[in-house]
Amino acid sequence: MDALFWHDGQWTTENPKLLGPADHAFWMASMVFDGARAFRGLTPDLDLHCQRVVRSAEKMLMKPQLSADEIQALCLEAVSRFPAGSELYIKPMFYCADGFLLPDADKTQFVLHVFKVPMPGTQGFSACFSSYVRSWPNMAPTDAKASCLYPNGQRAITEAAAKGFDNAIMLDGAGHVAEFASSNFWLAKDGKVVTPIDNGTFLNGITRKRVLGLLRADGVEVEERSITRADVEQADEVFSTGNYGKVVHVNRVEDRALPYGPFAQRAHRLYMEYAEQTGKR
C-alpha cells in the first residue's frame, strides 16, 4: 500500500473523486491543507499541524466540523495502517463544495491523504533567484496554508528547473528574501544564523519555529531580519526548513557552490534529536 485516504467515515486506498465543476472548491479555491511527517515511528509536531489546518480553514471562511484532536487521531490511525517505520507524508485537508461567491461554511468537508514519500538524503538542493515574488498579506491569504497560494511557487520552481536548478528563492514586494518556493529560508554568515523576519509574506512554518527555538536553546545566535540578495550571495551556507525534508542544505545558489556546513548540520541534528524525544506515539 502506497497511499491511504479517509473521507466521510470511510478508509480507502483509492483516490476518492470528491469535486465537480459546480463545487465551490473546484472553481473558487476554498481549499486548505497541511503537511506533517511520519518516519522511524515518529510524528513530530503532528498536533501543531492538525491545529494549523483548522486555523487555515477558518481563515478561508470555512467552519471545520472536526477538531484538531480528532484529526490527529485519524492521522495516527492512518500511520498505524502502514508498515512500522514507513516514511510518510500526512496531508489533512478541508474544502467547501457548496457556495457561490462565498463558500457555504456550514458545508465544510474534510479529507485525509497519507502516502509514502522517502525523506531526502544529504545531497542537498540547488536554487536560483526567481522573478516571481510573494504577495503581501493584504493581497492574498498568506496567513493560511491555502491551496490557492501554491501555483505562484510552482511557476517559480518551473522557472528554476528550466535553468537547471531544483528550487527557487522568492523575494517579497520590497525586494527582500521571503523564502524558497516550497520551504523557509536560512543562511549562516560569520558564526551567526539568519532567517527572514516574519513580515506576513510567507508562512511562518512549524518546522521553522521549532528549529529557531532549538538553535537558540543550543547557544546559537539567530537573527530574524530582512535579507538582501547580497546577503545570500555572501553567505557561508544556506539551508531550508520545512515539513518535507525538515532541515535540508543548499549545495548551490546560482553559480556558487556551497558546503553542507556546520550550522545546517547542527540544525538537522537538533531537530532529529527533538523528534526522537517527543515524536513517538
# chains A, B, ... in the order shown; residues from 1 in each chain; ligands from 1

call {"tool": "select_by_dssp", "arguments": {"residues": "region 143-209 of chain A", "states": "alpha helix (DSSP H)", "output": "list in words"}}
result
Tyr150, Pro151, Asn152, Gly153, Gln154, Arg155, Ala156, Ile157, Thr158, Glu159, Ala160, Ala161, Ala162, Ile206, Thr207, Arg208 and Lys209 of chain A

call {"tool": "residues_around", "arguments": {"residues": "His49 (chain A)", "least_positions_apart": "2", "cutoff": "10 Å", "atoms": "only C-alpha atoms", "output": "ChimeraX atom specification"}}
result
/A:33-37,44-47,51-55,68,71-72,90-92,205-207,243

call {"tool": "write_last_selection", "arguments": {"atoms": "C-alpha atoms", "output": "PDB file, in the first residue's frame"}}
result
ATOM      1  CA  PHE A  33      -4.217  21.579   3.626  1.00  0.00           C
ATOM      2  CA  ASP A  34      -1.383  20.879   5.980  1.00  0.00           C
ATOM      3  CA  GLY A  35       1.611  18.605   5.844  1.00  0.00           C
ATOM      4  CA  ALA A  36       3.127  16.514   8.599  1.00  0.00           C
ATOM      5  CA  ARG A  37       5.609  13.669   8.539  1.00  0.00           C
ATOM      6  CA  PRO A  44       6.999  15.246  15.362  1.00  0.00           C
ATOM      7  CA  ASP A  45       4.698  18.230  15.895  1.00  0.00           C
ATOM      8  CA  LEU A  46       1.724  16.391  14.391  1.00  0.00           C
ATOM      9  CA  ASP A  47      -0.528  18.126  16.904  1.00  0.00           C
ATOM     10  CA  GLN A  51      -4.208  22.681  14.799  1.00  0.00           C
ATOM     11  CA  ARG A  52      -2.950  24.770  11.889  1.00  0.00           C
ATOM     12  CA  VAL A  53      -5.171  23.119   9.286  1.00  0.00           C
ATOM     13  CA  VAL A  54      -8.184  24.037  11.430  1.00  0.00           C
ATOM     14  CA  ARG A  55      -6.994  27.660  11.684  1.00  0.00           C
ATOM     15  CA  ALA A  68      -7.575  19.221  15.812  1.00  0.00           C
ATOM     16  CA  ILE A  71      -7.801  14.986  13.036  1.00  0.00           C
ATOM     17  CA  GLN A  72      -4.681  13.933  14.922  1.00  0.00           C
ATOM     18  CA  ILE A  90       0.457  13.234   6.189  1.00  0.00           C
ATOM     19  CA  LYS A  91      -1.922  15.653   4.453  1.00  0.00           C
ATOM     20  CA  PRO A  92      -5.175  16.662   6.204  1.00  0.00           C
ATOM     21  CA  GLY A 205       6.411  27.347   9.303  1.00  0.00           C
ATOM     22  CA  ILE A 206       6.035  24.957  12.200  1.00  0.00           C
ATOM     23  CA  THR A 207       9.445  23.450  11.468  1.00  0.00           C
ATOM     24  CA  ASN A 243       7.866  19.625   6.580  1.00  0.00           C
TER      25      ASN A 243
END

call {"tool": "select_by_dssp", "arguments": {"residues": "region 42-265 of chain A", "states": "strand (DSSP E)", "output": "ChimeraX atom specification"}}
result
/A:88-96,108-116,125-133,167-171,177-180,184-189,192-196,222-225,237-242,246-253,256-257

call {"tool": "write_last_selection", "arguments": {"atoms": "C-alpha atoms", "output": "mmCIF file, in the first residue's frame"}}
result
data_model
loop_
_atom_site.group_PDB
_atom_site.id
_atom_site.type_symbol
_atom_site.label_atom_id
_atom_site.label_comp_id
_atom_site.auth_asym_id
_atom_site.auth_seq_id
_atom_site.Cartn_x
_atom_site.Cartn_y
_atom_site.Cartn_z
ATOM 1 C CA LEU A 88 5.053 9.086 5.111
ATOM 2 C CA TYR A 89 3.602 12.443 4.178
ATOM 3 C CA ILE A 90 0.457 13.234 6.189
ATOM 4 C CA LYS A 91 -1.922 15.653 4.453
ATOM 5 C CA PRO A 92 -5.175 16.662 6.204
ATOM 6 C CA MET A 93 -7.406 18.915 4.097
ATOM 7 C CA PHE A 94 -10.589 20.975 4.403
ATOM 8 C CA TYR A 95 -12.634 22.116 1.428
ATOM 9 C CA CYS A 96 -16.059 23.507 0.677
ATOM 10 C CA THR A 108 -17.135 22.359 5.014
ATOM 11 C CA GLN A 109 -15.776 18.857 4.403
ATOM 12 C CA PHE A 110 -12.614 17.040 5.491
ATOM 13 C CA VAL A 111 -10.399 14.528 3.732
ATOM 14 C CA LEU A 112 -7.129 12.918 4.826
ATOM 15 C CA HIS A 113 -4.432 11.690 2.452
ATOM 16 C CA VAL A 114 -1.394 9.787 3.776
ATOM 17 C CA PHE A 115 1.181 8.436 1.364
ATOM 18 C CA LYS A 116 4.719 7.084 1.171
ATOM 19 C CA PHE A 125 19.474 21.006 -3.467
ATOM 20 C CA SER A 126 20.363 23.879 -5.785
ATOM 21 C CA ALA A 127 18.471 27.171 -6.009
ATOM 22 C CA CYS A 128 18.397 30.349 -8.043
ATOM 23 C CA PHE A 129 16.624 33.662 -7.572
ATOM 24 C CA SER A 130 13.138 33.808 -9.033
ATOM 25 C CA SER A 131 11.386 36.545 -10.960
ATOM 26 C CA TYR A 132 8.187 35.610 -9.095
ATOM 27 C CA VAL A 133 7.524 37.263 -5.725
ATOM 28 C CA ASN A 167 14.230 25.209 -6.330
ATOM 29 C CA ALA A 168 13.817 28.975 -6.294
ATOM 30 C CA ILE A 169 14.491 31.783 -3.840
ATOM 31 C CA MET A 170 11.492 34.102 -3.830
ATOM 32 C CA LEU A 171 11.588 37.736 -2.751
ATOM 33 C CA VAL A 177 14.220 37.352 0.587
ATOM 34 C CA ALA A 178 10.942 35.766 1.681
ATOM 35 C CA GLU A 179 11.546 32.024 1.363
ATOM 36 C CA PHE A 180 12.215 29.200 -1.041
ATOM 37 C CA ASN A 184 11.559 28.515 4.687
ATOM 38 C CA PHE A 185 14.939 30.164 4.124
ATOM 39 C CA TRP A 186 18.051 30.323 6.324
ATOM 40 C CA LEU A 187 21.660 31.382 5.902
ATOM 41 C CA ALA A 188 24.772 31.363 8.073
ATOM 42 C CA LYS A 189 27.493 34.003 7.986
ATOM 43 C CA LYS A 192 25.611 33.615 13.074
ATOM 44 C CA VAL A 193 22.405 32.166 11.606
ATOM 45 C CA VAL A 194 19.933 34.499 9.898
ATOM 46 C CA THR A 195 16.371 33.886 8.695
ATOM 47 C CA PRO A 196 13.876 36.361 7.158
ATOM 48 C CA VAL A 222 19.939 33.502 15.417
ATOM 49 C CA GLU A 223 18.787 36.774 13.940
ATOM 50 C CA GLU A 224 15.425 37.417 12.278
ATOM 51 C CA ARG A 225 15.794 40.329 9.882
ATOM 52 C CA GLU A 237 25.991 28.373 4.000
ATOM 53 C CA VAL A 238 22.307 28.307 3.074
ATOM 54 C CA PHE A 239 19.671 25.824 4.193
ATOM 55 C CA SER A 240 15.936 25.321 4.361
ATOM 56 C CA THR A 241 13.367 24.142 6.864
ATOM 57 C CA GLY A 242 10.027 22.631 6.005
ATOM 58 C CA LYS A 246 12.770 19.113 7.889
ATOM 59 C CA VAL A 247 16.292 20.618 7.509
ATOM 60 C CA VAL A 248 17.967 20.429 4.085
ATOM 61 C CA HIS A 249 21.084 22.287 2.983
ATOM 62 C CA VAL A 250 21.544 24.147 -0.296
ATOM 63 C CA ASN A 251 24.523 22.921 -2.301
ATOM 64 C CA ARG A 252 24.471 25.730 -4.890
ATOM 65 C CA VAL A 253 22.982 29.211 -5.187
ATOM 66 C CA ARG A 256 28.195 29.408 -6.413
ATOM 67 C CA ALA A 257 28.737 26.023 -4.752
#

call {"tool": "closest_residue", "arguments": {"among": "A:Ser182, A:Ala25, A:His268, A:Trp6", "to": "Ala73 (chain A)", "atoms": "only C-alpha atoms"}}
result
A:Trp6

call {"tool": "closest_residue", "arguments": {"among": "A:His176, A:Arg229, A:Arg155, A:Arg134", "to": "Leu203 (chain A)", "atoms": "only C-alpha atoms"}}
result
A:Arg134

call {"tool": "residues_around", "arguments": {"residues": "Met139 (chain A)", "least_positions_apart": "5", "cutoff": "12 Å", "atoms": "only C-alpha atoms", "output": "list in words"}}
result
Arg134, Leu149, Gly173, Gly200 and Thr201 of chain A

call {"tool": "residues_around", "arguments": {"residues": "region 8-21 of chain A", "least_positions_apart": "5", "cutoff": "8 Å", "atoms": "only C-alpha atoms", "output": "short mmCIF file (atom, residue, chain, number, x, y, z; two decimals) with N, CA, C and O atoms, in the first residue's frame"}}
result
data_model
loop_
_atom_site.label_atom_id
_atom_site.label_comp_id
_atom_site.auth_asym_id
_atom_site.auth_seq_id
_atom_site.Cartn_x
_atom_site.Cartn_y
_atom_site.Cartn_z
N MET A 1 0.84 -1.20 0.00
CA MET A 1 0.00 0.00 0.00
C MET A 1 0.87 1.25 0.00
O MET A 1 1.74 1.42 0.86
N ALA A 3 -0.65 4.49 -0.51
CA ALA A 3 -1.44 5.65 -0.10
C ALA A 3 -2.72 5.19 0.57
O ALA A 3 -3.25 4.11 0.29
N PHE A 26 -13.78 23.68 -6.41
CA PHE A 26 -13.30 23.41 -7.76
C PHE A 26 -13.03 24.70 -8.51
O PHE A 26 -12.02 24.82 -9.22
N TRP A 27 -13.93 25.70 -8.36
CA TRP A 27 -13.78 26.91 -9.18
C TRP A 27 -13.47 28.17 -8.37
O TRP A 27 -13.07 29.18 -8.94
N ALA A 97 -17.60 22.38 -0.77
CA ALA A 97 -18.20 22.02 -2.06
C ALA A 97 -19.34 22.96 -2.45
O ALA A 97 -19.66 23.08 -3.63
N PHE A 110 -13.99 17.42 5.14
CA PHE A 110 -12.61 17.04 5.49
C PHE A 110 -12.22 15.78 4.74
O PHE A 110 -13.03 14.87 4.54
N VAL A 111 -10.96 15.74 4.32
CA VAL A 111 -10.40 14.53 3.73
C VAL A 111 -8.95 14.41 4.19
O VAL A 111 -8.26 15.42 4.38
#

call {"tool": "residues_around", "arguments": {"residues": "Ala140 (chain A)", "least_positions_apart": "2", "cutoff": "12 Å", "atoms": "only C-alpha atoms", "output": "ChimeraX atom specification"}}
result
/A:59-60,134-138,142-150,152,200-203

call {"tool": "write_last_selection", "arguments": {"atoms": "C-alpha atoms", "output": "short mmCIF file (atom, residue, chain, number, x, y, z; two decimals), in the first residue's frame"}}
result
data_model
loop_
_atom_site.label_atom_id
_atom_site.label_comp_id
_atom_site.auth_asym_id
_atom_site.auth_seq_id
_atom_site.Cartn_x
_atom_site.Cartn_y
_atom_site.Cartn_z
CA LYS A 59 -9.16 31.97 7.78
CA MET A 60 -10.51 30.78 4.42
CA ARG A 134 5.45 36.58 -2.65
CA SER A 135 2.26 38.53 -2.00
CA TRP A 136 1.73 40.99 0.81
CA PRO A 137 -0.84 39.80 3.37
CA ASN A 138 -3.42 42.33 2.13
CA THR A 142 -0.82 34.39 3.34
CA ASP A 143 -1.73 33.55 6.95
CA ALA A 144 -3.35 30.27 5.83
CA LYS A 145 -1.89 27.18 4.23
CA ALA A 146 -4.28 27.73 1.35
CA SER A 147 -4.00 25.76 -1.87
CA CYS A 148 -4.56 28.92 -3.93
CA LEU A 149 -1.15 30.27 -2.83
CA TYR A 150 0.87 27.44 -4.33
CA ASN A 152 2.97 31.00 -7.90
CA GLY A 200 3.43 38.12 6.56
CA THR A 201 4.57 37.38 3.01
CA PHE A 202 5.36 33.75 3.79
CA LEU A 203 4.00 31.10 6.11
#

call {"tool": "decode", "arguments": {"residues": "region 181-212 of chain A", "atoms": "N, CA, C and O atoms", "output": "PDB file, in the first residue's frame"}}
result
ATOM      1  N   ALA A 181      10.651  28.524  -2.755  1.00  0.00           N
ATOM      2  CA  ALA A 181       9.315  28.321  -3.317  1.00  0.00           C
ATOM      3  C   ALA A 181       8.517  27.285  -2.552  1.00  0.00           C
ATOM      4  O   ALA A 181       7.287  27.260  -2.656  1.00  0.00           O
ATOM      5  N   SER A 182       9.184  26.438  -1.773  1.00  0.00           N
ATOM      6  CA  SER A 182       8.474  25.357  -1.079  1.00  0.00           C
ATOM      7  C   SER A 182       8.910  25.164   0.369  1.00  0.00           C
ATOM      8  O   SER A 182       8.529  24.169   0.989  1.00  0.00           O
ATOM      9  N   SER A 183       9.683  26.089   0.924  1.00  0.00           N
ATOM     10  CA  SER A 183      10.161  25.919   2.299  1.00  0.00           C
ATOM     11  C   SER A 183      10.744  27.234   2.802  1.00  0.00           C
ATOM     12  O   SER A 183      10.944  28.172   2.021  1.00  0.00           O
ATOM     13  N   ASN A 184      11.023  27.295   4.088  1.00  0.00           N
ATOM     14  CA  ASN A 184      11.559  28.515   4.687  1.00  0.00           C
ATOM     15  C   ASN A 184      13.067  28.614   4.491  1.00  0.00           C
ATOM     16  O   ASN A 184      13.773  27.614   4.355  1.00  0.00           O
ATOM     17  N   PHE A 185      13.562  29.847   4.509  1.00  0.00           N
ATOM     18  CA  PHE A 185      14.939  30.164   4.124  1.00  0.00           C
ATOM     19  C   PHE A 185      15.810  30.505   5.341  1.00  0.00           C
ATOM     20  O   PHE A 185      15.380  31.224   6.239  1.00  0.00           O
ATOM     21  N   TRP A 186      17.047  30.015   5.301  1.00  0.00           N
ATOM     22  CA  TRP A 186      18.051  30.323   6.324  1.00  0.00           C
ATOM     23  C   TRP A 186      19.413  30.496   5.667  1.00  0.00           C
ATOM     24  O   TRP A 186      19.696  29.872   4.639  1.00  0.00           O
ATOM     25  N   LEU A 187      20.262  31.320   6.300  1.00  0.00           N
ATOM     26  CA  LEU A 187      21.660  31.382   5.902  1.00  0.00           C
ATOM     27  C   LEU A 187      22.516  31.493   7.159  1.00  0.00           C
ATOM     28  O   LEU A 187      22.031  31.818   8.251  1.00  0.00           O
ATOM     29  N   ALA A 188      23.796  31.190   6.993  1.00  0.00           N
ATOM     30  CA  ALA A 188      24.772  31.363   8.073  1.00  0.00           C
ATOM     31  C   ALA A 188      25.920  32.208   7.540  1.00  0.00           C
ATOM     32  O   ALA A 188      26.355  32.038   6.393  1.00  0.00           O
ATOM     33  N   LYS A 189      26.396  33.127   8.374  1.00  0.00           N
ATOM     34  CA  LYS A 189      27.493  34.003   7.986  1.00  0.00           C
ATOM     35  C   LYS A 189      28.249  34.435   9.245  1.00  0.00           C
ATOM     36  O   LYS A 189      27.640  34.911  10.208  1.00  0.00           O
ATOM     37  N   ASP A 190      29.559  34.203   9.228  1.00  0.00           N
ATOM     38  CA  ASP A 190      30.431  34.665  10.317  1.00  0.00           C
ATOM     39  C   ASP A 190      29.948  34.199  11.690  1.00  0.00           C
ATOM     40  O   ASP A 190      29.892  34.976  12.654  1.00  0.00           O
ATOM     41  N   GLY A 191      29.564  32.924  11.775  1.00  0.00           N
ATOM     42  CA  GLY A 191      29.197  32.340  13.062  1.00  0.00           C
ATOM     43  C   GLY A 191      27.801  32.658  13.550  1.00  0.00           C
ATOM     44  O   GLY A 191      27.457  32.360  14.701  1.00  0.00           O
ATOM     45  N   LYS A 192      26.974  33.263  12.689  1.00  0.00           N
ATOM     46  CA  LYS A 192      25.611  33.615  13.074  1.00  0.00           C
ATOM     47  C   LYS A 192      24.641  33.065  12.038  1.00  0.00           C
ATOM     48  O   LYS A 192      24.934  33.016  10.840  1.00  0.00           O
ATOM     49  N   VAL A 193      23.454  32.653  12.493  1.00  0.00           N
ATOM     50  CA  VAL A 193      22.405  32.166  11.606  1.00  0.00           C
ATOM     51  C   VAL A 193      21.364  33.273  11.439  1.00  0.00           C
ATOM     52  O   VAL A 193      21.003  33.958  12.407  1.00  0.00           O
ATOM     53  N   VAL A 194      20.896  33.446  10.210  1.00  0.00           N
ATOM     54  CA  VAL A 194      19.933  34.499   9.898  1.00  0.00           C
ATOM     55  C   VAL A 194      18.774  33.889   9.108  1.00  0.00           C
ATOM     56  O   VAL A 194      18.981  33.058   8.223  1.00  0.00           O
ATOM     57  N   THR A 195      17.558  34.313   9.430  1.00  0.00           N
ATOM     58  CA  THR A 195      16.371  33.886   8.695  1.00  0.00           C
ATOM     59  C   THR A 195      15.469  35.105   8.501  1.00  0.00           C
ATOM     60  O   THR A 195      15.495  36.040   9.320  1.00  0.00           O
ATOM     61  N   PRO A 196      14.704  35.172   7.403  1.00  0.00           N
ATOM     62  CA  PRO A 196      13.876  36.361   7.158  1.00  0.00           C
ATOM     63  C   PRO A 196      12.896  36.629   8.289  1.00  0.00           C
ATOM     64  O   PRO A 196      12.306  35.702   8.859  1.00  0.00           O
ATOM     65  N   ILE A 197      12.733  37.889   8.592  1.00  0.00           N
ATOM     66  CA  ILE A 197      11.755  38.272   9.604  1.00  0.00           C
ATOM     67  C   ILE A 197      10.354  37.964   9.085  1.00  0.00           C
ATOM     68  O   ILE A 197      10.080  38.087   7.888  1.00  0.00           O
ATOM     69  N   ASP A 198       9.498  37.535   9.971  1.00  0.00           N
ATOM     70  CA  ASP A 198       8.131  37.181   9.605  1.00  0.00           C
ATOM     71  C   ASP A 198       7.345  38.462   9.324  1.00  0.00           C
ATOM     72  O   ASP A 198       6.849  39.118  10.235  1.00  0.00           O
ATOM     73  N   ASN A 199       7.236  38.813   8.038  1.00  0.00           N
ATOM     74  CA  ASN A 199       6.527  40.030   7.650  1.00  0.00           C
ATOM     75  C   ASN A 199       5.184  39.737   6.983  1.00  0.00           C
ATOM     76  O   ASN A 199       4.568  40.618   6.384  1.00  0.00           O
ATOM     77  N   GLY A 200       4.735  38.475   7.076  1.00  0.00           N
ATOM     78  CA  GLY A 200       3.430  38.118   6.563  1.00  0.00           C
ATOM     79  C   GLY A 200       3.406  37.706   5.105  1.00  0.00           C
ATOM     80  O   GLY A 200       2.355  37.312   4.592  1.00  0.00           O
ATOM     81  N   THR A 201       4.550  37.772   4.423  1.00  0.00           N
ATOM     82  CA  THR A 201       4.568  37.384   3.007  1.00  0.00           C
ATOM     83  C   THR A 201       4.795  35.889   2.820  1.00  0.00           C
ATOM     84  O   THR A 201       4.670  35.393   1.697  1.00  0.00           O
ATOM     85  N   PHE A 202       5.158  35.199   3.865  1.00  0.00           N
ATOM     86  CA  PHE A 202       5.359  33.749   3.791  1.00  0.00           C
ATOM     87  C   PHE A 202       4.786  33.110   5.042  1.00  0.00           C
ATOM     88  O   PHE A 202       4.599  33.770   6.072  1.00  0.00           O
ATOM     89  N   LEU A 203       4.531  31.818   4.962  1.00  0.00           N
ATOM     90  CA  LEU A 203       4.002  31.096   6.108  1.00  0.00           C
ATOM     91  C   LEU A 203       5.133  30.836   7.093  1.00  0.00           C
ATOM     92  O   LEU A 203       6.160  30.245   6.733  1.00  0.00           O
ATOM     93  N   ASN A 204       4.955  31.303   8.308  1.00  0.00           N
ATOM     94  CA  ASN A 204       5.945  31.099   9.367  1.00  0.00           C
ATOM     95  C   ASN A 204       5.827  29.649   9.823  1.00  0.00           C
ATOM     96  O   ASN A 204       5.046  29.315  10.699  1.00  0.00           O
ATOM     97  N   GLY A 205       6.611  28.773   9.196  1.00  0.00           N
ATOM     98  CA  GLY A 205       6.411  27.347   9.303  1.00  0.00           C
ATOM     99  C   GLY A 205       6.590  26.767  10.695  1.00  0.00           C
ATOM    100  O   GLY A 205       7.345  27.291  11.517  1.00  0.00           O
ATOM    101  N   ILE A 206       5.913  25.671  10.929  1.00  0.00           N
ATOM    102  CA  ILE A 206       6.035  24.957  12.200  1.00  0.00           C
ATOM    103  C   ILE A 206       7.458  24.464  12.400  1.00  0.00           C
ATOM    104  O   ILE A 206       8.030  24.597  13.486  1.00  0.00           O
ATOM    105  N   THR A 207       8.063  23.914  11.353  1.00  0.00           N
ATOM    106  CA  THR A 207       9.445  23.450  11.468  1.00  0.00           C
ATOM    107  C   THR A 207      10.390  24.634  11.610  1.00  0.00           C
ATOM    108  O   THR A 207      11.383  24.553  12.337  1.00  0.00           O
ATOM    109  N   ARG A 208      10.100  25.739  10.933  1.00  0.00           N
ATOM    110  CA  ARG A 208      10.912  26.947  11.091  1.00  0.00           C
ATOM    111  C   ARG A 208      10.943  27.386  12.548  1.00  0.00           C
ATOM    112  O   ARG A 208      12.017  27.655  13.117  1.00  0.00           O
ATOM    113  N   LYS A 209       9.771  27.508  13.148  1.00  0.00           N
ATOM    114  CA  LYS A 209       9.720  27.960  14.547  1.00  0.00           C
ATOM    115  C   LYS A 209      10.390  26.955  15.474  1.00  0.00           C
ATOM    116  O   LYS A 209      11.051  27.346  16.445  1.00  0.00           O
ATOM    117  N   ARG A 210      10.243  25.667  15.174  1.00  0.00           N
ATOM    118  CA  ARG A 210      10.869  24.648  16.008  1.00  0.00           C
ATOM    119  C   ARG A 210      12.388  24.752  15.944  1.00  0.00           C
ATOM    120  O   ARG A 210      13.070  24.738  16.966  1.00  0.00           O
ATOM    121  N   VAL A 211      12.932  24.856  14.721  1.00  0.00           N
ATOM    122  CA  VAL A 211      14.392  24.931  14.556  1.00  0.00           C
ATOM    123  C   VAL A 211      14.935  26.228  15.159  1.00  0.00           C
ATOM    124  O   VAL A 211      16.009  26.240  15.769  1.00  0.00           O
ATOM    125  N   LEU A 212      14.202  27.312  15.005  1.00  0.00           N
ATOM    126  CA  LEU A 212      14.613  28.581  15.598  1.00  0.00           C
ATOM    127  C   LEU A 212      14.797  28.441  17.106  1.00  0.00           C
ATOM    128  O   LEU A 212      15.819  28.858  17.675  1.00  0.00           O
TER     129      LEU A 212
END
